[in-house]
Amino acid sequence: MPTLAHLLHLSPETLWMVAKVLIVFGGPFTLASLLTWVERRGAAMIQDRIGPNRAALFGKWRLLGLPQIAADGIKAFLKEDLVPPHVNKLVFWVAPLLTFLPAVMGFAIIPFGQSFVSGGQTYHLSLLDPGNGMGMLYPLAIGSMAVYGVLTAAWSSNNKWSILGGMRASAQMVSYEIGMSLAVITVFMRAGAYDPHLIIQAQLGLWNVLPQFLGFLVFTTCMFAETNRLPFDFAEGEAEIVAGYLTEYGSMKFALMYLSEYVHMVTASALIVTLYFGGWRVPFVADPGVWLSVLAFVIKLLCFCWLFIWIRWTLPRFRYDQLMKFGWKVMLPLSMANFLIHAFLMFKGA
Amino acid sequence: MAILIKQVELSWLDRTYVWPILKGMAITLGHFFRQLFTPTAKRFTIQYPEMKKEMPEGYRGLHELKRFEDGSVKCVACFMCAEACPARCITIEAEEFSDLNLTQGFEEKRPKRFEIDLLRCIFCGMCEEACPKDAIWLRKDYELVGVDREGMRYGKWDLLNTYAGLDGKPVLTTDPKPSTPSRKEVACS
Ligand code: SF4
Ligand code: SF4
């Protein structure tokens, strides 16, 4: 690392920061576009279909349909960028960014590998180094911001379907956030810290998912709601409200909104992995080293991304009031119980 | 009258949400892997240009005007098909030919022009039903395309040759000379 930095006339810290920014913004982004492919092919397989397999690189290499991603991107860019006359133009333009940015930003705090020492300096594999005082509160705060994107998109579209979608998104957020926060608080309490590095530290030997299974269930369910994916995708429930907050969007703006759902999915998976599945930890290996730890993290991440897709093609959409009921009457008591049990156990000294 | 709705009693296991969801996930994953490891040839989807569906017997696809062995058209221009056609898309102009050809027995009428407007045809098969000479068949070709409306009006020679390639028969462009060849010579050649 220092040699490379010297060659580029940069200090190692700067180079490392640049590299991390590239990884942390490029990684989830790439993964998200790959996931659109996984989603489409996976959904097809689940439904005994075949899925997109025709797009070919230079008309020759089909590569299992992977070029479809590029084809879709090109299509989205070349489409007419229609802004309906009745929308609030400024907000309409800002909304896709407001949805997209929180989705990418949340990843900044996640440690995606074990820290390593090189040339007398410690390098942390997360964009924000530990001890920044924000810890896991940051991705939770940012993640909840995503609803502003949905809301502004809905509001600026000046369309009844859109506003219904936006309203649903905000009402939905209110009903799951509390349960989710309580689940996360239990993790903080057990680890005695809210810095992701320390949380992962605390999961040496036993991952949180076993002692806090209830919390894991609640948190994962809330993540489904937060990413606006089935079974909780009322905000764009196409059977009822056309496409919800996305109704008026087209071309690349739509693609950005759509992609942000996948980026969100990656970030949500990363959160679940960090909080409940030991982050980069490898089972039975106390000190896995950089490469193995990154590999373990990516594998866990992909498993959860697949879980998101898998669930989507298994469960039908809930009704809007069912989620509210579910959030308040099931999730909140469950995470409360989880919280109280662990508080009691800690009080007893277990 | 009151409508009785049958209440399904859910077991406590089913009411936990988690167990039924896991069962559903097992089903979808089963489908996923089954489909993943099914070779393309055995999947339900037919990968069209590479694979083609074998149409069942009695499928009513593109028409063929049948011919005798010597290449003369079986149709005797009786207009039965044109009468039967509910879409009124068959246009026939008859012509006489008086030279007696052995192959064709004693008929002396044949279509000079036999045209089906396939854009109007509904592939009902009535023409096939009506034909007294078994001269028009609807067969299995379903890949019927044209670049313009005119191209979809299939004339006599188009209809005679629609399945020539498939059956390995020569493509005809003219009626055989009535008096030559005789049936015998055709059989030997
Ligand atoms: S298939 Fe039916 S519609 Fe078509 S030409 Fe024959 S009788 Fe007419
Ligand atoms: S195709 Fe058959 S029904 Fe039609 S005119 Fe010829 S012989 Fe008559």
# chains A, B, ... in the order shown; residues from 1 in each chain; ligands from 1

call {"tool": "interface_residues", "arguments": {"of": "chain B", "to": "chain A", "cutoff": "8 Å", "atoms": "only C-alpha atoms", "output": "VMD selection string"}}
result
chain B and resid 21 24 to 25 28 to 33 35 to 36 43 to 45

call {"tool": "select_by_dssp", "arguments": {"residues": "region 51-100 of chain B", "states": "strand (DSSP E)", "output": "NGL selection string"}}
result
:B and (63-65 or 90-96)

call {"tool": "atom_distance", "arguments": {"atom1": "CA of His342 (chain A)", "atom2": "CA of Phe112 (chain A)"}}
result
27.4 Å

call {"tool": "residues_near_ligand", "arguments": {"ligand": "ligand 2", "cutoff": "12 Å", "atoms": "only C-alpha atoms and all ligand atoms", "output": "number ranges by chain"}}
result
B: 63-67, 73-85, 89-95, 107, 109-116, 125-138, 156, 159-160

call {"tool": "select_by_dssp", "arguments": {"residues": "region 71-178 of chain B", "states": "alpha helix (DSSP H)", "output": "PyMOL selection string"}}
result
chain B and resi 80-84+126-130+156-161+164-167

call {"tool": "decode", "arguments": {"residues": "region 250-273 of chain A", "atoms": "N, CA and C atoms", "output": "tab-separated table (two decimals), in the first residue's frame"}}
result
chain	number	residue	atom	x	y	z
A	250	GLY	N	-40.15	8.07	-15.60
A	250	GLY	CA	-39.79	7.28	-16.77
A	250	GLY	C	-38.30	7.35	-16.98
A	251	SER	N	-37.84	6.68	-17.99
A	251	SER	CA	-36.44	6.67	-18.43
A	251	SER	C	-35.46	6.51	-17.27
A	252	MET	N	-34.37	7.29	-17.27
A	252	MET	CA	-33.30	7.05	-16.30
A	252	MET	C	-33.73	7.39	-14.89
A	253	LYS	N	-34.65	8.33	-14.75
A	253	LYS	CA	-35.10	8.67	-13.39
A	253	LYS	C	-35.78	7.46	-12.77
A	254	PHE	N	-36.57	6.78	-13.56
A	254	PHE	CA	-37.20	5.58	-13.06
A	254	PHE	C	-36.15	4.52	-12.74
A	255	ALA	N	-35.18	4.39	-13.66
A	255	ALA	CA	-34.16	3.36	-13.47
A	255	ALA	C	-33.40	3.61	-12.17
A	256	LEU	N	-33.16	4.90	-11.88
A	256	LEU	CA	-32.43	5.24	-10.66
A	256	LEU	C	-33.24	4.84	-9.43
A	257	MET	N	-34.52	5.17	-9.47
A	257	MET	CA	-35.40	4.80	-8.34
A	257	MET	C	-35.42	3.29	-8.17
A	258	TYR	N	-35.50	2.64	-9.30
A	258	TYR	CA	-35.62	1.19	-9.30
A	258	TYR	C	-34.33	0.56	-8.76
A	259	LEU	N	-33.21	1.13	-9.23
A	259	LEU	CA	-31.92	0.60	-8.81
A	259	LEU	C	-31.70	0.86	-7.33
A	260	SER	N	-32.21	2.00	-6.85
A	260	SER	CA	-31.97	2.33	-5.45
A	260	SER	C	-32.64	1.30	-4.55
A	261	GLU	N	-33.71	0.68	-5.05
A	261	GLU	CA	-34.34	-0.39	-4.27
A	261	GLU	C	-33.34	-1.53	-4.07
A	262	TYR	N	-32.57	-1.80	-5.10
A	262	TYR	CA	-31.62	-2.90	-5.00
A	262	TYR	C	-30.42	-2.52	-4.14
A	263	VAL	N	-29.97	-1.25	-4.30
A	263	VAL	CA	-28.87	-0.81	-3.45
A	263	VAL	C	-29.30	-0.88	-2.00
A	264	HIS	N	-30.53	-0.48	-1.79
A	264	HIS	CA	-31.08	-0.53	-0.45
A	264	HIS	C	-31.07	-1.96	0.09
A	265	MET	N	-31.37	-2.87	-0.81
A	265	MET	CA	-31.39	-4.28	-0.44
A	265	MET	C	-30.01	-4.73	-0.02
A	266	VAL	N	-28.99	-4.28	-0.77
A	266	VAL	CA	-27.61	-4.64	-0.42
A	266	VAL	C	-27.26	-4.07	0.94
A	267	THR	N	-27.61	-2.78	1.14
A	267	THR	CA	-27.28	-2.16	2.42
A	267	THR	C	-28.02	-2.86	3.55
A	268	ALA	N	-29.28	-3.18	3.32
A	268	ALA	CA	-30.05	-3.85	4.37
A	268	ALA	C	-29.43	-5.21	4.69
A	269	SER	N	-29.01	-5.92	3.66
A	269	SER	CA	-28.37	-7.21	3.90
A	269	SER	C	-27.09	-7.02	4.71
A	270	ALA	N	-26.33	-5.96	4.35
A	270	ALA	CA	-25.10	-5.70	5.08
A	270	ALA	C	-25.40	-5.42	6.54
A	271	LEU	N	-26.48	-4.69	6.79
A	271	LEU	CA	-26.85	-4.39	8.18
A	271	LEU	C	-27.19	-5.67	8.92
A	272	ILE	N	-27.98	-6.51	8.30
A	272	ILE	CA	-28.36	-7.75	8.96
A	272	ILE	C	-27.12	-8.58	9.26
A	273	VAL	N	-26.23	-8.64	8.28
A	273	VAL	CA	-25.01	-9.43	8.47
A	273	VAL	C	-24.19	-8.87	9.62
